[in-house]
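Structure data follow from coords-v1.pdb (PDB, C-alpha atoms and all ligand atoms):
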ATOM      1  CA  MET A   1      -2.147  35.141 241.186
ATOM      2  CA  LEU A   2       0.199  36.565 238.559
ATOM      3  CA  THR A   3       3.118  38.547 239.905
ATOM      4  CA  GLU A   4       3.280  42.106 238.584
ATOM      5  CA  HIS A   5       6.574  42.947 236.884
ATOM      6  CA  VAL A   6       8.267  46.307 236.318
ATOM      7  CA  ARG A   7      11.658  47.395 235.089
ATOM      8  CA  PRO A   8      14.056  48.808 237.652
ATOM      9  CA  ARG A   9      14.533  52.575 237.146
ATOM     10  CA  ILE A  10      18.304  52.114 236.771
ATOM     11  CA  ASP A  11      19.614  50.027 233.859
ATOM     12  CA  VAL A  12      23.250  49.033 234.307
ATOM     13  CA  HIS A  13      23.621  46.923 231.146
ATOM     14  CA  SER A  14      23.135  48.749 227.841
ATOM     15  CA  HIS A  15      25.227  49.430 224.752
ATOM     16  CA  VAL A  16      26.229  52.329 222.520
ATOM     17  CA  ILE A  17      28.367  53.058 219.471
ATOM     18  CA  PRO A  18      29.993  56.520 219.262
ATOM     19  CA  PRO A  19      28.931  58.286 216.042
ATOM     20  CA  SER A  20      32.543  59.322 215.469
ATOM     21  CA  LEU A  21      33.063  55.765 214.245
ATOM     22  CA  GLY A  22      31.074  56.857 211.214
ATOM     23  CA  GLU A  23      34.326  58.436 210.044
ATOM     24  CA  ARG A  24      35.939  55.568 208.226
ATOM     25  CA  GLU A  25      39.688  55.080 208.063
ATOM     26  CA  PRO A  26      40.112  52.607 205.161
ATOM     27  CA  SER A  27      43.847  52.322 205.848
ATOM     28  CA  ASN A  28      43.155  51.209 209.422
ATOM     29  CA  GLU A  29      41.626  47.696 209.254
ATOM     30  CA  SER A  30      41.474  47.330 213.035
ATOM     31  CA  ARG A  31      39.194  50.352 213.507
ATOM     32  CA  PRO A  32      35.486  49.398 213.717
ATOM     33  CA  TRP A  33      33.274  51.460 211.456
ATOM     34  CA  ILE A  34      29.555  52.266 211.340
ATOM     35  CA  GLU A  35      27.624  53.431 208.280
ATOM     36  CA  LEU A  36      25.106  55.823 209.820
ATOM     37  CA  GLY A  37      21.613  55.917 208.302
ATOM     38  CA  HIS A  38      18.380  57.635 209.316
ATOM     39  CA  ASP A  39      16.694  54.522 210.654
ATOM     40  CA  ARG A  40      19.560  52.070 211.034
ATOM     41  CA  GLY A  41      23.316  51.709 211.122
ATOM     42  CA  GLU A  42      25.522  49.058 209.557
ATOM     43  CA  VAL A  43      28.482  48.044 211.711
ATOM     44  CA  PHE A  44      31.694  46.704 210.194
ATOM     45  CA  VAL A  45      34.399  45.004 212.241
ATOM     46  CA  ARG A  46      37.744  43.934 210.801
ATOM     47  CA  GLY A  47      36.489  44.758 207.317
ATOM     48  CA  ARG A  48      33.336  42.612 207.494
ATOM     49  CA  HIS A  49      29.708  43.473 208.125
ATOM     50  CA  PHE A  50      29.011  42.622 211.778
ATOM     51  CA  ARG A  51      25.444  43.701 212.541
ATOM     52  CA  THR A  52      22.637  46.142 211.791
ATOM     53  CA  VAL A  53      21.806  48.441 214.711
ATOM     54  CA  ASP A  54      19.114  50.890 215.744
ATOM     55  CA  PRO A  55      19.863  54.664 215.763
ATOM     56  CA  THR A  56      19.369  54.689 219.534
ATOM     57  CA  CYS A  57      22.870  53.170 219.604
ATOM     58  CA  TRP A  58      24.398  56.549 218.751
ATOM     59  CA  ASP A  59      21.591  59.160 218.759
ATOM     60  CA  MET A  60      21.178  60.142 222.406
ATOM     61  CA  SER A  61      18.027  62.223 221.933
ATOM     62  CA  ARG A  62      16.265  59.211 220.419
ATOM     63  CA  ARG A  63      17.774  57.118 223.172
ATOM     64  CA  LEU A  64      16.264  59.334 225.859
ATOM     65  CA  SER A  65      12.833  59.033 224.260
ATOM     66  CA  ALA A  66      13.142  55.248 224.286
ATOM     67  CA  LEU A  67      14.140  55.270 227.961
ATOM     68  CA  LEU A  68      11.237  57.534 228.844
ATOM     69  CA  ALA A  69       8.835  55.141 227.126
ATOM     70  CA  ALA A  70      10.392  52.192 228.974
ATOM     71  CA  GLY A  71      10.228  53.839 232.405
ATOM     72  CA  ILE A  72      14.014  53.902 232.865
ATOM     73  CA  ASP A  73      15.389  57.004 234.633
ATOM     74  CA  ARG A  74      19.096  56.294 234.550
ATOM     75  CA  GLN A  75      21.142  54.132 232.231
ATOM     76  CA  VAL A  76      24.788  53.085 232.262
ATOM     77  CA  LEU A  77      26.155  53.155 228.724
ATOM     78  CA  SER A  78      28.706  50.533 227.705
ATOM     79  CA  PRO A  79      30.330  50.294 224.287
ATOM     80  CA  MET A  80      29.178  47.505 221.977
ATOM     81  CA  PRO A  81      31.527  44.686 223.083
ATOM     82  CA  GLU A  82      33.039  44.298 219.603
ATOM     83  CA  LEU A  83      34.626  47.733 220.149
ATOM     84  CA  PHE A  84      36.998  46.095 222.682
ATOM     85  CA  SER A  85      39.240  45.449 219.641
ATOM     86  CA  TYR A  86      41.513  43.115 221.584
ATOM     87  CA  TRP A  87      42.995  42.080 218.235
ATOM     88  CA  ALA A  88      44.180  45.599 217.343
ATOM     89  CA  PRO A  89      47.817  46.763 217.547
ATOM     90  CA  ASP A  90      48.604  48.635 220.777
ATOM     91  CA  VAL A  91      48.704  52.141 219.346
ATOM     92  CA  ASP A  92      45.409  51.718 217.452
ATOM     93  CA  ALA A  93      43.692  50.084 220.427
ATOM     94  CA  ARG A  94      44.730  52.840 222.815
ATOM     95  CA  ALA A  95      43.544  55.546 220.414
ATOM     96  CA  LEU A  96      40.200  53.820 219.851
ATOM     97  CA  CYS A  97      39.585  53.339 223.582
ATOM     98  CA  ALA A  98      40.446  56.987 224.270
ATOM     99  CA  GLU A  99      38.099  58.157 221.490
ATOM    100  CA  VAL A 100      35.225  56.005 222.789
ATOM    101  CA  ASN A 101      35.821  57.046 226.413
ATOM    102  CA  GLU A 102      35.886  60.748 225.547
ATOM    103  CA  TRP A 103      32.576  60.467 223.691
ATOM    104  CA  LEU A 104      31.069  58.661 226.685
ATOM    105  CA  SER A 105      32.366  61.420 228.964
ATOM    106  CA  ASP A 106      30.834  64.140 226.803
ATOM    107  CA  THR A 107      27.543  62.218 226.670
ATOM    108  CA  ILE A 108      27.165  61.751 230.415
ATOM    109  CA  GLU A 109      28.183  65.352 231.019
ATOM    110  CA  ALA A 110      25.412  66.490 228.650
ATOM    111  CA  ASN A 111      22.671  64.505 230.376
ATOM    112  CA  ASP A 112      22.229  63.335 233.960
ATOM    113  CA  ALA A 113      20.259  60.294 232.789
ATOM    114  CA  PHE A 114      23.478  58.611 231.707
ATOM    115  CA  ASP A 115      26.467  57.048 233.405
ATOM    116  CA  ALA A 116      29.058  55.070 231.488
ATOM    117  CA  PHE A 117      31.617  52.301 231.541
ATOM    118  CA  GLY A 118      34.591  52.883 229.253
ATOM    119  CA  ILE A 119      36.919  50.439 227.530
ATOM    120  CA  VAL A 120      40.662  49.804 227.818
ATOM    121  CA  PRO A 121      43.113  47.802 225.656
ATOM    122  CA  LEU A 122      43.398  44.699 227.831
ATOM    123  CA  GLN A 123      45.596  42.946 225.243
ATOM    124  CA  ASN A 124      48.232  45.145 226.881
ATOM    125  CA  PRO A 125      47.361  44.961 230.608
ATOM    126  CA  ASP A 126      49.920  47.600 231.645
ATOM    127  CA  THR A 127      48.464  50.123 229.201
ATOM    128  CA  ALA A 128      44.953  49.168 230.335
ATOM    129  CA  ALA A 129      45.893  49.746 233.978
ATOM    130  CA  GLU A 130      47.499  53.070 233.089
ATOM    131  CA  MET A 131      44.359  54.217 231.250
ATOM    132  CA  LEU A 132      42.168  53.682 234.313
ATOM    133  CA  SER A 133      43.258  57.040 235.725
ATOM    134  CA  GLU A 134      42.001  58.647 232.508
ATOM    135  CA  VAL A 135      38.718  56.779 232.966
ATOM    136  CA  VAL A 136      38.388  58.325 236.423
ATOM    137  CA  ALA A 137      39.306  61.779 235.111
ATOM    138  CA  LEU A 138      36.637  61.481 232.409
ATOM    139  CA  GLY A 139      34.002  60.835 235.069
ATOM    140  CA  LEU A 140      33.176  57.287 233.993
ATOM    141  CA  ALA A 141      31.945  54.808 236.613
ATOM    142  CA  GLY A 142      34.065  51.914 235.447
ATOM    143  CA  VAL A 143      35.155  49.866 232.476
ATOM    144  CA  GLU A 144      33.556  47.100 230.476
ATOM    145  CA  ILE A 145      35.822  44.162 229.625
ATOM    146  CA  GLY A 146      35.383  40.882 227.754
ATOM    147  CA  SER A 147      35.039  37.514 229.497
ATOM    148  CA  HIS A 148      38.456  36.627 228.080
ATOM    149  CA  VAL A 149      41.142  38.461 226.130
ATOM    150  CA  ASN A 150      42.166  36.663 222.955
ATOM    151  CA  GLY A 151      41.589  33.351 224.749
ATOM    152  CA  VAL A 152      43.454  34.301 227.933
ATOM    153  CA  PRO A 153      41.175  33.906 230.987
ATOM    154  CA  LEU A 154      40.649  36.888 233.265
ATOM    155  CA  HIS A 155      42.090  35.005 236.250
ATOM    156  CA  ASP A 156      45.487  34.853 234.503
ATOM    157  CA  ASP A 157      48.210  36.609 236.499
ATOM    158  CA  ARG A 158      48.952  38.985 233.634
ATOM    159  CA  PHE A 159      45.785  40.932 234.521
ATOM    160  CA  SER A 160      46.722  41.404 238.196
ATOM    161  CA  SER A 161      48.017  44.955 237.786
ATOM    162  CA  PHE A 162      44.833  45.939 235.939
ATOM    163  CA  PHE A 163      42.568  44.525 238.647
ATOM    164  CA  ALA A 164      44.698  46.066 241.395
ATOM    165  CA  GLU A 165      44.429  49.509 239.819
ATOM    166  CA  ALA A 166      40.666  49.178 239.214
ATOM    167  CA  ASP A 167      40.322  48.152 242.865
ATOM    168  CA  ARG A 168      42.393  51.144 244.036
ATOM    169  CA  LEU A 169      40.358  53.575 241.948
ATOM    170  CA  GLU A 170      37.032  51.989 243.003
ATOM    171  CA  LEU A 171      36.005  51.520 239.404
ATOM    172  CA  VAL A 172      33.359  48.970 238.454
ATOM    173  CA  VAL A 173      34.713  46.227 236.181
ATOM    174  CA  PHE A 174      31.778  45.100 234.057
ATOM    175  CA  VAL A 175      32.609  41.651 232.672
ATOM    176  CA  HIS A 176      30.577  41.002 229.531
ATOM    177  CA  ALA A 177      30.233  37.589 227.849
ATOM    178  CA  PHE A 178      32.349  37.806 224.715
ATOM    179  CA  HIS A 179      33.257  35.507 221.796
ATOM    180  CA  PRO A 180      32.343  32.218 223.520
ATOM    181  CA  ASN A 181      34.016  29.019 222.405
ATOM    182  CA  GLY A 182      31.927  26.860 220.084
ATOM    183  CA  ALA A 183      29.853  29.630 218.472
ATOM    184  CA  ASP A 184      30.562  28.175 215.024
ATOM    185  CA  ASP A 185      28.907  24.905 216.065
ATOM    186  CA  PHE A 186      25.477  26.584 215.943
ATOM    187  CA  GLY A 187      23.356  27.263 212.887
ATOM    188  CA  THR A 188      22.245  30.727 213.998
ATOM    189  CA  ALA A 189      23.858  33.527 215.969
ATOM    190  CA  ALA A 190      20.743  33.655 218.180
ATOM    191  CA  ALA A 191      21.110  29.998 219.177
ATOM    192  CA  ALA A 192      24.807  30.458 219.915
ATOM    193  CA  ASN A 193      24.055  33.587 221.932
ATOM    194  CA  ALA A 194      21.280  31.908 223.950
ATOM    195  CA  VAL A 195      23.249  28.773 224.787
ATOM    196  CA  LEU A 196      26.799  30.041 225.062
ATOM    197  CA  PHE A 197      26.639  33.507 226.633
ATOM    198  CA  PRO A 198      25.420  32.158 230.017
ATOM    199  CA  LEU A 199      28.115  29.476 229.929
ATOM    200  CA  GLU A 200      30.788  31.980 228.938
ATOM    201  CA  ILE A 201      30.070  34.517 231.689
ATOM    202  CA  GLY A 202      29.698  31.690 234.241
ATOM    203  CA  ARG A 203      33.100  30.371 233.182
ATOM    204  CA  ALA A 204      34.739  33.795 233.509
ATOM    205  CA  LEU A 205      33.211  34.640 236.902
ATOM    206  CA  GLY A 206      33.756  31.094 238.158
ATOM    207  CA  GLY A 207      37.429  31.456 237.231
ATOM    208  CA  LEU A 208      37.724  34.702 239.193
ATOM    209  CA  VAL A 209      36.282  32.867 242.207
ATOM    210  CA  ALA A 210      38.029  29.473 241.896
ATOM    211  CA  GLU A 211      41.477  30.812 240.973
ATOM    212  CA  GLY A 212      41.583  33.271 243.872
ATOM    213  CA  THR A 213      41.433  36.546 241.901
ATOM    214  CA  LEU A 214      38.602  37.888 244.046
ATOM    215  CA  CYS A 215      40.560  36.990 247.203
ATOM    216  CA  ARG A 216      43.660  38.847 246.000
ATOM    217  CA  HIS A 217      41.554  41.926 245.148
ATOM    218  CA  ALA A 218      39.050  41.737 247.967
ATOM    219  CA  SER A 219      37.244  45.032 247.397
ATOM    220  CA  LEU A 220      37.273  44.900 243.575
ATOM    221  CA  LYS A 221      33.827  45.812 242.203
ATOM    222  CA  VAL A 222      33.109  43.140 239.569
ATOM    223  CA  LEU A 223      29.760  43.220 237.767
ATOM    224  CA  GLY A 224      28.905  40.164 235.661
ATOM    225  CA  SER A 225      26.587  40.288 232.663
ATOM    226  CA  HIS A 226      23.543  38.075 232.067
ATOM    227  CA  GLY A 227      22.905  37.294 235.734
ATOM    228  CA  GLY A 228      26.303  35.650 235.984
ATOM    229  CA  GLY A 229      25.004  32.901 233.678
ATOM    230  CA  ALA A 230      25.923  29.439 234.890
ATOM    231  CA  LEU A 231      27.708  30.771 237.990
ATOM    232  CA  SER A 232      24.799  30.198 240.385
ATOM    233  CA  ALA A 233      24.413  26.603 239.214
ATOM    234  CA  LEU A 234      28.104  25.763 239.532
ATOM    235  CA  LEU A 235      28.788  27.271 242.979
ATOM    236  CA  PRO A 236      27.360  24.350 245.039
ATOM    237  CA  ARG A 237      29.624  21.944 243.129
ATOM    238  CA  LEU A 238      32.595  24.245 243.642
ATOM    239  CA  ASP A 239      31.815  24.364 247.386
ATOM    240  CA  PHE A 240      31.659  20.555 247.514
ATOM    241  CA  LEU A 241      35.030  20.185 245.820
ATOM    242  CA  TRP A 242      36.550  22.897 248.061
ATOM    243  CA  GLU A 243      35.365  20.993 251.149
ATOM    244  CA  THR A 244      36.901  17.750 249.922
ATOM    245  CA  THR A 245      40.070  18.936 248.127
ATOM    246  CA  ASP A 246      43.120  20.207 249.986
ATOM    247  CA  ALA A 247      44.633  21.731 246.854
ATOM    248  CA  LEU A 248      41.588  23.938 246.325
ATOM    249  CA  GLN A 249      41.546  24.967 249.991
ATOM    250  CA  SER A 250      45.201  26.004 249.712
ATOM    251  CA  VAL A 251      44.213  28.507 246.996
ATOM    252  CA  LEU A 252      40.965  29.712 248.553
ATOM    253  CA  PRO A 253      40.920  30.700 252.240
ATOM    254  CA  GLU A 254      37.124  30.926 252.178
ATOM    255  CA  ARG A 255      34.274  28.840 250.851
ATOM    256  CA  PRO A 256      33.814  29.667 247.128
ATOM    257  CA  SER A 257      30.155  30.582 247.533
ATOM    258  CA  GLU A 258      31.173  33.142 250.183
ATOM    259  CA  ILE A 259      33.807  34.631 247.868
ATOM    260  CA  ALA A 260      31.217  34.827 245.063
ATOM    261  CA  ARG A 261      29.013  37.045 247.219
ATOM    262  CA  ARG A 262      31.479  39.877 246.544
ATOM    263  CA  LEU A 263      30.262  39.898 242.948
ATOM    264  CA  HIS A 264      27.449  41.883 241.417
ATOM    265  CA  VAL A 265      25.447  40.603 238.447
ATOM    266  CA  ASP A 266      22.655  42.061 236.352
ATOM    267  CA  SER A 267      19.072  40.803 236.331
ATOM    268  CA  LEU A 268      19.120  39.671 232.692
ATOM    269  CA  VAL A 269      17.988  36.056 233.112
ATOM    270  CA  TYR A 270      14.415  36.195 231.677
ATOM    271  CA  SER A 271      12.950  34.118 234.521
ATOM    272  CA  SER A 272      11.842  35.052 238.024
ATOM    273  CA  ASP A 273      12.732  31.519 239.201
ATOM    274  CA  VAL A 274      16.294  31.856 237.895
ATOM    275  CA  LEU A 275      16.555  35.339 239.411
ATOM    276  CA  ASP A 276      15.489  33.851 242.760
ATOM    277  CA  LEU A 277      18.314  31.307 242.437
ATOM    278  CA  VAL A 278      20.832  34.068 241.656
ATOM    279  CA  ILE A 279      19.690  36.047 244.711
ATOM    280  CA  ASP A 280      19.813  32.902 246.843
ATOM    281  CA  GLN A 281      23.396  32.177 245.735
ATOM    282  CA  LEU A 282      24.881  35.678 245.579
ATOM    283  CA  GLY A 283      22.708  37.630 248.009
ATOM    284  CA  ALA A 284      19.956  40.233 247.714
ATOM    285  CA  THR A 285      22.472  43.081 247.457
ATOM    286  CA  ALA A 286      24.284  41.528 244.472
ATOM    287  CA  VAL A 287      21.745  42.036 241.702
ATOM    288  CA  VAL A 288      21.225  45.213 239.648
ATOM    289  CA  GLY A 289      18.857  45.922 236.773
ATOM    290  CA  GLY A 290      20.095  45.238 233.228
ATOM    291  CA  THR A 291      18.436  45.149 229.820
ATOM    292  CA  ASP A 292      21.024  44.817 226.990
ATOM    293  CA  HIS A 293      19.172  47.757 225.390
ATOM    294  CA  PRO A 294      19.034  48.397 222.455
ATOM    295  CA  PHE A 295      20.386  45.106 221.115
ATOM    296  CA  LEU A 296      17.632  42.882 222.521
ATOM    297  CA  GLU A 297      13.932  43.363 223.161
ATOM    298  CA  LEU A 298      13.528  44.890 226.596
ATOM    299  CA  PRO A 299      12.908  42.091 229.118
ATOM    300  CA  ALA A 300       9.703  41.933 231.155
ATOM    301  CA  GLY A 301      11.403  43.217 234.290
ATOM    302  CA  VAL A 302      11.339  41.950 237.844
ATOM    303  CA  ALA A 303       8.720  41.563 240.563
ATOM    304  CA  VAL A 304       7.443  44.968 241.721
ATOM    305  CA  GLU A 305       8.712  44.358 245.264
ATOM    306  CA  LEU A 306      12.234  43.626 243.989
ATOM    307  CA  ALA A 307      12.741  46.666 241.732
ATOM    308  CA  PRO A 308      13.594  49.181 244.517
ATOM    309  CA  THR A 309      16.202  46.769 245.903
ATOM    310  CA  LEU A 310      17.879  46.460 242.509
ATOM    311  CA  ASP A 311      17.923  50.258 242.133
ATOM    312  CA  ALA A 312      19.446  50.697 245.599
ATOM    313  CA  ASN A 313      22.079  48.074 244.744
ATOM    314  CA  ALA A 314      22.923  49.932 241.529
ATOM    315  CA  GLU A 315      23.273  53.246 243.384
ATOM    316  CA  ARG A 316      25.752  51.664 245.794
ATOM    317  CA  LEU A 317      27.679  49.909 243.030
ATOM    318  CA  LEU A 318      28.109  53.069 240.954
ATOM    319  CA  ALA A 319      29.100  55.296 243.885
ATOM    320  CA  ARG A 320      32.768  55.944 244.610
ATOM    321  CA  ALA A 321      34.028  57.227 247.946
ATOM    322  CA  HIS A 322      37.141  58.809 246.408
ATOM    323  CA  VAL A 323      36.160  60.058 242.974
ATOM    324  CA  ASP A 324      39.436  61.877 242.309
ATOM    325  CA  SER A 325      41.887  59.317 243.589
ATOM    326  CA  SER A 326      45.087  60.514 241.905
ATOM    327  CA  PRO A 327      44.113  60.662 238.245
ATOM    328  CA  SER A 328      47.143  61.116 236.028
ATOM    329  CA  VAL A 329      45.344  63.503 233.663
ATOM    330  CA  SER A 330      42.814  66.244 234.310
ATOM    331  CA  ARG A 331      39.444  66.401 232.613
ATOM    332  CA  ARG A 332      39.688  68.044 229.229
ATOM    333  CA  GLY A 333      38.860  71.737 229.421
ATOM    334  CA  ALA A 334      38.613  71.682 233.215
TER     335      ALA A 334
HETATM  336 ZN    ZN B 401      25.293  43.231 226.492
END
Mind converting the file's structure to structure tokens?
Amino acid sequence: MLTEHVRPRIDVHSHVIPPSLGEREPSNESRPWIELGHDRGEVFVRGRHFRTVDPTCWDMSRRLSALLAAGIDRQVLSPMPELFSYWAPDVDARALCAEVNEWLSDTIEANDAFDAFGIVPLQNPDTAAEMLSEVVALGLAGVEIGSHVNGVPLHDDRFSSFFAEADRLELVVFVHAFHPNGADDFGTAAAANAVLFPLEIGRALGGLVAEGTLCRHASLKVLGSHGGGALSALLPRLDFLWETTDALQSVLPERPSEIARRLHVDSLVYSSDVLDLVIDQLGATAVVGGTDHPFLELPAGVAVELAPTLDANAERLLARAHVDSSPSVSRRGA
């Protein structure tokens, strides 16, 4: 008998581009820019054409219609990852992140169907940590970050203050596969995306587990993209090496697979068998619905019985016990 599939009502992995980026600043090469058209937008990054996008990326009324048609009640908006702009000078990066975060704040305030993850300039971790209070004040549920920052892995000590502050403020840190190594070895962007994104996010999350980051920030709410990619397949090997290697045990007080169960991941794996493996490895409370809307065709969904569990997991992940934990700025106009 075929299993019936539906989409969870809450989609935690989707992308947007603020329409204010339609205002080009030719003198500012590091600022991404989008040429807004009626039925498509052309995105330019670092002076080069990056991709063509659908208007639902920036037009929220069209976006709501698309969600209605897809049976999604609530969607968490994350900026298109290229907007991270980890290559931009500090002052430009901070201004861009603030502009994007303020648009997200206005958007979620205008419609209850939306939540949002903002962005911060992680190429300067102290500035990124400082901006997290602004993220709280703007009402955002967390921040989206890349799986590395200009080649520096997320488990590097330089990001400790950022993770500590995100932990303190109970913000979700959505780690999105980003600029994987070896992309130029593939003939098409689709092939590189399909093969490398799962490896890239597995590498980043595996590093947070194996290098002790998740032990040092025990209540940090990390959400991994693309089902955590290769993470579920590598955890048994990591456990084996932990059991047989004193050096690894000296870093990790617990079995790696137990540490990994603090993570959340989205359901974006395109296979019920793979999703079963993810749930087996990370636990039934770890998985939330995700679509990558509107950049990819909406996936088929999950088994009908599983959808309510994913929605309940998303509700818990997005909730914060102390919403106003000492923000350094007040909400604009409030
Ligand atoms: Zn995505």
Query - Shell of 9 Å around stretch 46-56 of chain A, only C-alpha atoms, local chain residues under 2 positions omitted, as number ranges by chain - result: A: 16, 26, 29-33, 36-44, 58-64, 66, 82, 294-295
Query - Protein and nucleic residues near ligand ZN 401 (chain B), 8 Å, only C-alpha atoms and all ligand atoms, as a PyMOL selection string - result: chain A and resi 13-15+80-81+176-177+225-226+291-293+295
For the interface of stretch 26-130 of chain A with stretch 143-158 of chain A (cut-off 9 Å, counting all atoms listed in the file), please tabulate each contacting residue of stretch 26-130 of chain A alongside its nearest pair of atoms and their separation in Å to one decimal, rows sorted by chain and increasing number, as JSON lines.
{"residue": "A:Ser78", "atom": "CA", "partner": "A:Glu144", "partner_atom": "CA", "distance": 6.6}
{"residue": "A:Pro79", "atom": "CA", "partner": "A:Glu144", "partner_atom": "CA", "distance": 7.7}
{"residue": "A:Pro81", "atom": "CA", "partner": "A:Gly146", "partner_atom": "CA", "distance": 7.2}
{"residue": "A:Phe84", "atom": "CA", "partner": "A:Ile145", "partner_atom": "CA", "distance": 7.3}
{"residue": "A:Tyr86", "atom": "CA", "partner": "A:Val149", "partner_atom": "CA", "distance": 6.5}
{"residue": "A:Trp87", "atom": "CA", "partner": "A:Asn150", "partner_atom": "CA", "distance": 7.2}
{"residue": "A:Ala116", "atom": "CA", "partner": "A:Val143", "partner_atom": "CA", "distance": 8.1}
{"residue": "A:Phe117", "atom": "CA", "partner": "A:Val143", "partner_atom": "CA", "distance": 4.4}
{"residue": "A:Gly118", "atom": "CA", "partner": "A:Val143", "partner_atom": "CA", "distance": 4.5}
{"residue": "A:Ile119", "atom": "CA", "partner": "A:Val143", "partner_atom": "CA", "distance": 5.3}
{"residue": "A:Val120", "atom": "CA", "partner": "A:Val143", "partner_atom": "CA", "distance": 7.2}
{"residue": "A:Leu122", "atom": "CA", "partner": "A:Val149", "partner_atom": "CA", "distance": 6.8}
{"residue": "A:Gln123", "atom": "CA", "partner": "A:Val149", "partner_atom": "CA", "distance": 6.4}
{"residue": "A:Pro125", "atom": "CA", "partner": "A:Arg158", "partner_atom": "CA", "distance": 6.9}
{"residue": "A:Asp126", "atom": "CA", "partner": "A:Arg158", "partner_atom": "CA", "distance": 8.9}
Report summary line: Here atom CA of A:Val173 and atom CA of A:Val265 stand apart by 11.1 Å
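Put simply, atom CA of A:Arg237 is 28.8 Å away from atom CA of A:Ala303.
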Query raised in the report: What does the distance from atom CA of A:Val274 to atom CA of A:Ser232 come to in Å, to one decimal?
Result: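 Result for atom CA of A:Val274 versus atom CA of A:Ser232: 9.0 Å, one decimal.
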Selection near A:Glu130, 12 Å with all atoms listed in the file, sequence-local residues under 2 positions removed, as a tab-separated table (two decimals) with C-alpha atoms, keeping the file's coordinate frame:
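What follows is the written file result.tsv:
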chain	number	residue	atom	x	y	z
A	94	ARG	CA	44.73	52.84	222.82
A	98	ALA	CA	40.45	56.99	224.27
A	120	VAL	CA	40.66	49.80	227.82
A	121	PRO	CA	43.11	47.80	225.66
A	122	LEU	CA	43.40	44.70	227.83
A	124	ASN	CA	48.23	45.14	226.88
A	125	PRO	CA	47.36	44.96	230.61
A	126	ASP	CA	49.92	47.60	231.64
A	127	THR	CA	48.46	50.12	229.20
A	128	ALA	CA	44.95	49.17	230.34
A	132	LEU	CA	42.17	53.68	234.31
A	133	SER	CA	43.26	57.04	235.72
A	134	GLU	CA	42.00	58.65	232.51
A	135	VAL	CA	38.72	56.78	232.97
A	136	VAL	CA	38.39	58.32	236.42
A	161	SER	CA	48.02	44.96	237.79
A	162	PHE	CA	44.83	45.94	235.94
A	163	PHE	CA	42.57	44.52	238.65
A	164	ALA	CA	44.70	46.07	241.40
A	165	GLU	CA	44.43	49.51	239.82
A	166	ALA	CA	40.67	49.18	239.21
A	169	LEU	CA	40.36	53.58	241.95
A	326	SER	CA	45.09	60.51	241.90
A	327	PRO	CA	44.11	60.66	238.24
A	328	SER	CA	47.14	61.12	236.03
A	329	VAL	CA	45.34	63.50	233.66
Requested in this report: Tell me which of A:Leu282, A:Ala194, A:Ala113, A:Leu306 sits closest to A:His5, counting all atoms listed in the file.
Outcome: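 The closest residue to A:His5 is A:Leu306.
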Report summary line: Between A:Leu220, A:Val91, A:Leu310, A:Ile259, smallest distance to A:Asp11 by all atoms listed in the file belongs to A:Leu310
Query - Selection result of the PyMOL selection byres (((chain A and resi 139) around 10) and not hetatm) on this file, as a ChimeraX atom specification - result: /A:101-102,104-106,108-109,115-118,134-138,140-142,323-324,331
**Report entry** From A:Glu200, A:Glu254, A:Glu4, A:Glu243, residue lying nearest A:Leu214 [all atoms listed in the file]
**Finding:**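 Comparing A:Glu200, A:Glu254, A:Glu4, A:Glu243 against A:Leu214, the winner is A:Glu254.
Counting only C-alpha atoms and comparing A:Pro253, A:Ser272, A:Ala307, A:Leu277, the residue that lies closest to A:Thr3 is A:Ser272.
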Query raised in the report: For this file, the PyMOL selection byres (((chain A and resi 233-236) around 8) and not hetatm) selects which residues, as a PyMOL selection string?
Result: chain A and resi 206+230-232+237-240+256-257+281
Go ahead and save the picked residues with C-alpha atoms, as a tab-separated table (two decimals), in the coordinates of the input.
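Contents of the output file out30.tsv:
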chain	number	residue	atom	x	y	z
A	206	GLY	CA	33.76	31.09	238.16
A	230	ALA	CA	25.92	29.44	234.89
A	231	LEU	CA	27.71	30.77	237.99
A	232	SER	CA	24.80	30.20	240.38
A	237	ARG	CA	29.62	21.94	243.13
A	238	LEU	CA	32.60	24.24	243.64
A	239	ASP	CA	31.82	24.36	247.39
A	240	PHE	CA	31.66	20.56	247.51
A	256	PRO	CA	33.81	29.67	247.13
A	257	SER	CA	30.16	30.58	247.53
A	281	GLN	CA	23.40	32.18	245.74
Report task. Convert the output of the PyMOL selection byres (((chain A and resi 210) around 8) and not hetatm) on the shown file into explicit residues, formatted as an MDAnalysis selection string. Result -> chainID A and resid 206:209 211:213 238 248 252 256
Written file, previous selection with C-alpha atoms, as a PDB file, keeping the file's coordinate frame:
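The resulting file, result_7.pdb, is reproduced below:
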ATOM      1  CA  GLY A 206      33.756  31.094 238.158  1.00  0.00           C
ATOM      2  CA  GLY A 207      37.429  31.456 237.231  1.00  0.00           C
ATOM      3  CA  LEU A 208      37.724  34.702 239.193  1.00  0.00           C
ATOM      4  CA  VAL A 209      36.282  32.867 242.207  1.00  0.00           C
ATOM      5  CA  GLU A 211      41.477  30.812 240.973  1.00  0.00           C
ATOM      6  CA  GLY A 212      41.583  33.271 243.872  1.00  0.00           C
ATOM      7  CA  THR A 213      41.433  36.546 241.901  1.00  0.00           C
ATOM      8  CA  LEU A 238      32.595  24.245 243.642  1.00  0.00           C
ATOM      9  CA  LEU A 248      41.588  23.938 246.325  1.00  0.00           C
ATOM     10  CA  LEU A 252      40.965  29.712 248.553  1.00  0.00           C
ATOM     11  CA  PRO A 256      33.814  29.667 247.128  1.00  0.00           C
TER      12      PRO A 256
END
**Report entry** Residue with smallest distance to A:Gly283 - pool A:Leu171, A:Ser271, A:Asn313, A:Glu305, counting all atoms listed in the file
**Finding:** A:Asn313
Query raised in the report: If we count only C-alpha atoms, what is near A:Ala192 at a cut-off of 12 Å, once residues fewer than 2 positions away on the same chain are taken out, given as an MDAnalysis selection string?
Result: chainID A and resid 177:190 194:200
